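Q: I'd like to ask some things about the structure below.
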Amino acid sequence: MAQPVPDSINFPAEEEKIAELWKKIDAFQTSLKQSKNRPRYTFYDGPPFATGLPHYGHILAGTIKDIVTRWAHQSGYHVDRRFGWDCHGLPVEYEIDKTLGIKGPEDVAEMGIEKYNNECRKIVMRYSNEWEQIVTRLGRWIDFNHDYKTMYPWFMETIWWVFKQLFDKGLVYRGFKVMPFSTGCNTPLSNFESGQNYKEVVDPAVIVNFPLDDDPTVSMIAWTTTPWTLPSNLALCVNPEHNYVKVTDKTSDHTYIMMEARLEALFKTEEEYAVLDRFKGSVLEGKGYKPLFPYFEQRKAYGAFHILLDGYVTEESGTGVVHQAPYFGEDDYRVCLSYGVISKDGDMVCPVDSSGRFTDEVTDFKGQYVKDADKAITKMLKQNGRLVHQSTTKHSYPFCWRSETPLIYKAVPSWFIRVEDLVQKLLDNNQSTYWVPEFVKDKRFGNWLRDAHDWAVSRNRYWGTPIPLWASDDGQEVVCVGSIEELKQLTGVDIKDLHRESVDNLTIPSKRGNGVLKRVPEVFDCWFESGSMPYAQAHYPFENKKEFEDTFPADFIAEGIDQTRGWFYTLLVLSTALFDKPPFKNLIVNGLVLASDGQKMSKRKKNYPDPMEVVHKYGADALRLYLINSPVVRAESLRFQESGVRDILKDVFLPWFNAYRFLMQNVERLEREEGMKFVYNENKAAVSENYMDRWILSFTQSLIKYVRNEMAAYRLYTVVPRLVRFVDQLTNWYVRMNRKRLKGDGGTRDCHRALETLFAVIFSMIKVMAPFIPFLTEQMYQNLKHLIDPETTQGLDTDSLHYLMLPQPRESLIHQKIESAVQQMQTVVELGRVVRDRRTLPVKYPLKEIVVIHESEVCLDHVRSLETYILEELNVRKLTTTSNKEKYGVRLRAEPEHKTLGARLKGAFKSVTKAIQELTDTQLQQFAKDGEIEVEGHKLETGDLRVMYTFDVKDEGTPSHYEAHSDNDILILLDVTPDQSMLDEGIAREVINRVQKLRKKAKLVPADDITVFYRVTGNLTKIVQDFQEFIFTAIKQPLQPGPVPPGTKVVIQEKTQVKSDSLDLTIVSGHVTSVLASVPSAVPSMTWDSKPWCRYVNVELDGVGSTVMLENPRGDFVLSLSELQKQVQSIYKSSDNNVSLYRTPTCKEILTNKSVKDTLTLSGCTLYAKSKSTRTMPAPSSAKIWSAPTCRFVNVELCRTSPHGGAKGRQATVLLENPHGKSVMDVEELKHQVKIVFGLQNRKLKLYCSQSRQEEVTSQSVADVLSLHSCVLYAFV
């Protein structure tokens, strides 16, 4: 049974209830069991480290993954979702090094690798429980029980297999290479790791002299920001093609050689130097110079300390002379190697250890950390006369992504994968993948691939997968092991774990008689492990071989844009090297989540709110929707604002919840008041003819179609804004404009259709939105499912919304014409609201006219067809549509698009702009048709001009009482001069507003019987009297002048001001009043009921409204259709015996005995009568929905006597007039009519205001029978 929906909701608390429900029914695993026989959809989850808690970047990527995999599941696929953990590498080791105070390899050697790795094991899953709790609380469905960890032996075994495949293909080699090196972690980093953490730093910048051997009075001068590399200088390099000059420094009288284009690096003005000679850089090749330091001067005999040539030297910075320290710079290494200054197998000049400290060779700075030694080196250079200039420079510099220490470039021995040989294959495989957004694939990632270098996969560390290479002491014999079984066969030892402490001591006998082979000491870079996860998580090829091969490549992966040089890259390299395939088919790249100030989120700075605090305040759904409804899903950056999460609640969830609550409230009301059961069956639901019903159904089905297409293309950034817009269309347009119908004011049948429509829309959309906001949609579903016909869910598990499949779009419900018409109506309404706001004219104050101007007659037809809604929404009396804009002084004008034209026209832009602004209305109309126009010799197209309407109120004959506004398509003119009657109606609406607010304040619901007593002053007195029926129709409860009768239960009371007059409102419980308020001697209490006791229909003929009772007394004498037609003929005194009745004002759906088997189903409806003499029927826009009987009435109860004449009921309803405003009864006619209803024509009858018979209704006590409207009278005989 559907449960009542509370007025308010605590979203986080409700989410926790849903989480408990999922846990209780084991929802995720149950859904996987249900889908096990469906086609497979493969998803790879990149493994995070569990040494820290999830941040917004994890939450964002996890949300995207959850949405796509939920969507795939609800699209009919089986989607395994396994969580993975990155367990090895620097993040773990760095934490241990900090905790244990480990400074370098010697500390680990002293401690022992086994103990060190055991410490790593202890913390590797430090926050795993918190991860599971947080990920689960965020609504992500992923399997933690069948996870993979990179430290599992079976996972590591696959890593060995992957490496062996590469080794056997000749893609592995050992070499020396200058690489980014982390002195904080004592290990080299790959190029993509080094690019993850750049910072702005201030470094020293020095210019140093190098006296030439052939003329020591002349010096080469070189600039560097790394003075610590100068002790390792072995050469200088210049550009052979650029001009160099020999200059005299007039200040110091020293002579220098530097690039001519870089003179500004040393001299501020030309007066400071004199040029002695000018020549190409090639002239300098081979010249020798005096070394800066003596540490390696012996190498001069082998070609060191000479000038070399290379084109990498530019004129953009420095002096145009670059000092070469070949083992601390990639270009330095390459150039020196090509000139023979160094050799691949020669001794390295690399006097810096793995901790970044100078070794014994550099005697003056031995043991000093290189960055700290910069000052001492600069000081010594100055003392030795080698320092020319000293300053600082601010530049971007790479830092270690884990230890936050500056990286240095350093030559280290390493094991490499030959990526450069695979570049073309990488590019080809990348082209066969689909990326969202696509520019990341082609530009950022494509450029990275084109410049890919060989990948150094080894690390001089301990906690990682050991590289499975066993080598002889001379390195000439190398064996690569690809499995635990192979290792057992080679060593004779059966092991269960593959970490260093288990394999380092194992040896393999040499096949060449070289004794034994020992394992090389390095471990794999953890990126090699994560890049191997597609195979390793399945323990391929040792297990699951067919399952893996059937589902590879993956259908989908997703991570942040920083992974273009990380996980995306390593996945592609390994899959290309192994199978010449891409590892995935589809990829979503998200941007970075930054702090609100645009800086990187920092725990130390505390510049962002804790994610779980945000979830506890606003809920996971709100955080999810905020993140994915932002630029970050287009790979752009998001500045996180907590207020944005709050706005999702306010602007999206609350309105949507209120629409759902409104549906459930009115379903309950319908069932309670009409005694009918509301059950929804999509296959049996009648198609509504109501225009707005058809619109919202069409809009919803078009949206479902759109979302399915866009989700198939993985474009979340187009889907989510449309889903958010749907909530606005549903709540601010459909529900608000159909509230009366949904509350039953248009009759039972119309109410049922409206509720059925609203149910269909909400139920369809919670299924569509379930992957995006899983909690709120589940909460709604758990209640809505009780209203679904069990026939439609036979054989289905309906315990959770997330078990259901996504709805297919119903093409038969899609009507583009209706959607276009409503969109144009909305545009008119929104333009009118802007004008009202601009002129500070609240909607409650009616205005005379709105004029809609558009050149398209189709558009104007659409506007006219929805006239009723426009008039009601804008509270305007009259709608005028026209294409004759000149009549109102309206013309087209144009402005240039500054960005496009300014850049293109340059100097001509000013004159062309003037000419554009002078284009006539006729010219612009022609431009609109042709799409191009020539202005001052320039051909301009649609995107070059902005064409808009302008409204000239100064033109002769143009009405000045109009205010104009346009969206550059539709133009509206709003008459902003209300007359007094309209102002009075506005005041009456203000009174209604105050009453409704007071009811809400008292927490009353529409079904609560109340009476509103009022006391007013000034002009308000006449206004309330004149608009009493208008106010009553709106509040649907009696409105009576004060004072409040004694003994009445007061619910709430409030004194307020309306304009300059006072308004005193009192709401009392029940329907009570003073019928005889005009007679001072008798002021009796009276019962009121705003609804008739008997069922009725309203009828309209030629614009005149009437009411026909379908039964009277209640339950007796139910009219047939023919009797109803005769009643209509009698009321309108029609001589035509052939009056037809229709459901709609267009007279398209005639009532027949076949279509209406029971006239009581028409109760509350407005019917439209037509006879031969009937004038032209009104347009659809004039259709009326009455909120009550058109004619005023009293309810009568027969007391102490039984009815006669076949009547059985004692409760009846008597109309006081019919048609509306005509044939008004007096008291005696009223008594006579009561006698007829109860079959008591021959009896004497009296009417009283109460059952106690204290106040009789007589011609003397009631001068105006209409004052009794909606009261209850008691009949006695």
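Chains: A, B, ... in order of the structure tokens. Residues: from 1 per chain. Ligands: from 1, in order shown.
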Which polymer residues have any atom within 10 Å of an atom of Ala964 of chain A, counting only C-alpha atoms, with same-chain residues fewer than 6 positions away left out, as a PyMOL selection string?
A: chain A and resi 831-832+834-835+850-852+890+949-953+971-975
Q: What lies within 7 Å of Ala821 of chain A using only C-alpha atoms, ignoring chain neighbours under 4 positions off, as a ChimeraX atom specification?
A: /A:817,825,862-863
Q: With C-alpha atoms retained, export the selected residues as a CSV table (one decimal), in the first residue's frame.
A:
```csv
chain,number,residue,atom,x,y,z
A,817,LYS,CA,4.4,20.0,-33.1
A,825,MET,CA,4.2,29.5,-25.3
A,862,HIS,CA,0.9,27.7,-31.8
A,863,VAL,CA,0.6,30.7,-29.5
```
Q: Contacts of Lys496 of chain A at 9 Å or less, counting only C-alpha atoms, minus same-chain residues fewer than 6 places along, as a count of residues only?
A: 3
Q: Using DSSP secondary structure from the backbone, list all strand (DSSP E or B) positions within segment 472-553 of chain A, as a list of chain:residue names.
A: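 Here are the strand (DSSP E or B) residues of segment 472-553 of chain A: A:Val478, A:Val479, A:Cys480, A:Thr507, A:Ile508, A:Pro509, A:Val516, A:Leu517, A:Lys518, A:Arg519, A:Val523, A:Phe524.
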Q: Could you please determine the separation between atom CA of Asp969 of chain A and atom CA of Phe699 of chain A in Å, to one decimal place?
A: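 Rounded to one decimal, the two atoms are 21.8 Å apart.
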Q: Could you tell me which of A:Leu594, A:Met156, A:Met125, A:Ala13 comes closest to Met533 of chain A if we count only C-alpha atoms?
A: A:Met156
Q: For segment 238-243 of chain A, list every protein, DNA or RNA residue within 12 Å, evaluated using only C-alpha atoms, and leave out those in the same chain fewer than 6 positions away; present the list as a tab-separated table (two decimals) with C-alpha atoms, in the first residue's frame.
A:
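Just written: out.tsv:
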```
chain	number	residue	atom	x	y	z
A	220	MET	CA	82.47	32.08	-23.24
A	221	ILE	CA	79.64	32.90	-20.80
A	222	ALA	CA	76.88	30.40	-19.97
A	257	ILE	CA	81.35	35.64	-26.34
A	258	MET	CA	77.57	35.12	-26.33
A	259	MET	CA	74.63	34.92	-28.74
A	260	GLU	CA	73.82	38.30	-30.26
A	261	ALA	CA	70.08	37.81	-29.74
A	262	ARG	CA	70.71	37.28	-26.00
A	263	LEU	CA	72.76	40.40	-25.19
A	277	ASP	CA	83.30	40.85	-33.74
A	278	ARG	CA	80.26	39.03	-35.13
A	279	PHE	CA	80.17	35.41	-36.45
A	280	LYS	CA	78.09	32.24	-36.71
A	281	GLY	CA	78.11	29.76	-33.84
A	282	SER	CA	79.72	27.15	-36.08
A	283	VAL	CA	82.99	29.12	-35.92
A	284	LEU	CA	83.31	28.19	-32.22
A	285	GLU	CA	83.19	24.40	-32.69
A	286	GLY	CA	86.07	22.55	-31.02
A	287	LYS	CA	87.53	25.47	-29.11
A	306	HIS	CA	85.39	21.92	-25.63
A	307	ILE	CA	82.65	23.80	-27.46
A	308	LEU	CA	80.07	21.62	-29.24
A	309	LEU	CA	77.29	22.44	-31.72
A	310	ASP	CA	73.59	21.56	-31.65
A	311	GLY	CA	70.30	23.12	-32.77
A	312	TYR	CA	68.54	22.66	-29.41
A	313	VAL	CA	70.19	25.88	-28.16
A	314	THR	CA	67.63	28.67	-28.67
A	315	GLU	CA	67.55	32.43	-28.49
A	318	GLY	CA	70.09	32.42	-21.22
A	319	THR	CA	73.15	33.63	-23.12
A	320	GLY	CA	72.92	31.28	-26.10
A	321	VAL	CA	75.73	29.21	-24.56
A	322	VAL	CA	74.59	26.10	-22.67
A	323	HIS	CA	76.87	24.34	-20.20
A	324	GLN	CA	76.86	20.57	-20.61
A	332	ASP	CA	73.47	17.24	-22.66
A	335	VAL	CA	75.11	15.97	-27.59
```
Q: Skip Glu547 of chain A itself and residues of its chain fewer than 6 positions away, then list as number ranges by chain all residues within 10 Å of it, counting only C-alpha atoms.
A: A: 40, 538, 540
Q: Could you work out how far atom CA of Pro188 of chain A lies from atom CA of Ile159 of chain A, giving the answer in Å with one decimal?
A: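 Taking atom CA of Ile159 of chain A as the start and atom CA of Pro188 of chain A as the end point, the length is 20.2 Å.
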Q: Run DSSP on the backbone and give me the residues of segment 345-469 of chain A it puts in alpha helix (DSSP H), as an NGL selection string.
A: :A and (370-383 or 423-431 or 438-439 or 446-450)
Q: Using C-alpha atoms, can you write the selected residues to a file as a PDB file, in the first residue's frame?
A:
```
ATOM      1  CA  VAL A 370      72.579  19.460  -4.276  1.00  0.00           C
ATOM      2  CA  LYS A 371      69.890  22.122  -3.955  1.00  0.00           C
ATOM      3  CA  ASP A 372      71.376  23.267  -0.662  1.00  0.00           C
ATOM      4  CA  ALA A 373      74.843  23.427  -2.246  1.00  0.00           C
ATOM      5  CA  ASP A 374      73.795  26.052  -4.837  1.00  0.00           C
ATOM      6  CA  LYS A 375      74.793  28.937  -2.550  1.00  0.00           C
ATOM      7  CA  ALA A 376      78.190  27.455  -1.636  1.00  0.00           C
ATOM      8  CA  ILE A 377      78.971  26.716  -5.277  1.00  0.00           C
ATOM      9  CA  THR A 378      78.015  30.255  -6.313  1.00  0.00           C
ATOM     10  CA  LYS A 379      80.170  31.675  -3.540  1.00  0.00           C
ATOM     11  CA  MET A 380      83.208  29.643  -4.649  1.00  0.00           C
ATOM     12  CA  LEU A 381      82.700  30.689  -8.282  1.00  0.00           C
ATOM     13  CA  LYS A 382      82.710  34.310  -7.183  1.00  0.00           C
ATOM     14  CA  GLN A 383      85.871  33.811  -5.146  1.00  0.00           C
ATOM     15  CA  VAL A 423      54.800   4.719 -31.616  1.00  0.00           C
ATOM     16  CA  GLN A 424      52.965   4.186 -34.920  1.00  0.00           C
ATOM     17  CA  LYS A 425      51.092   1.170 -33.553  1.00  0.00           C
ATOM     18  CA  LEU A 426      50.162   3.174 -30.468  1.00  0.00           C
ATOM     19  CA  LEU A 427      48.796   5.965 -32.648  1.00  0.00           C
ATOM     20  CA  ASP A 428      46.863   3.503 -34.809  1.00  0.00           C
ATOM     21  CA  ASN A 429      45.344   1.717 -31.822  1.00  0.00           C
ATOM     22  CA  ASN A 430      44.485   5.021 -30.202  1.00  0.00           C
ATOM     23  CA  GLN A 431      42.532   5.975 -33.323  1.00  0.00           C
ATOM     24  CA  GLU A 438      37.383  13.677 -28.238  1.00  0.00           C
ATOM     25  CA  PHE A 439      39.931  16.509 -28.216  1.00  0.00           C
ATOM     26  CA  GLY A 446      47.903  11.952 -29.281  1.00  0.00           C
ATOM     27  CA  ASN A 447      50.721  14.471 -28.868  1.00  0.00           C
ATOM     28  CA  TRP A 448      52.068  12.513 -25.904  1.00  0.00           C
ATOM     29  CA  LEU A 449      52.103   9.317 -27.957  1.00  0.00           C
ATOM     30  CA  ARG A 450      53.858  10.954 -30.903  1.00  0.00           C
TER      31      ARG A 450
END
```
Q: Using atom CA of Pro1189 of chain A and atom CA of Asn1098 of chain A as the two end points, give the distance in Å to one decimal.
A: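 Result for atom CA of Pro1189 of chain A versus atom CA of Asn1098 of chain A: 6.3 Å, one decimal.
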Q: Could you pull the residues within 12 Å of Met676 of chain A, counting only C-alpha atoms, minus those fewer than 5 positions along the same chain, as a VMD selection string?
A: chain A and resid 667 to 671 748 to 749 752 1161
Q: Give me the residues within 6 Å of segment 619-626 of chain A as a list in words, counting only C-alpha atoms and dropping any in the same chain fewer than 5 places off.
A: Phe11, Pro12, Leu138, Val645, Ile648 and Ile773 of chain A
Q: For Val1068 of chain A, which of A:Asp1009, A:Asp347, A:Glu1149, A:Asp693 is the closest residue, counting only C-alpha atoms?
A: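 Among the listed residues, A:Asp1009 lies closest to Val1068 of chain A.
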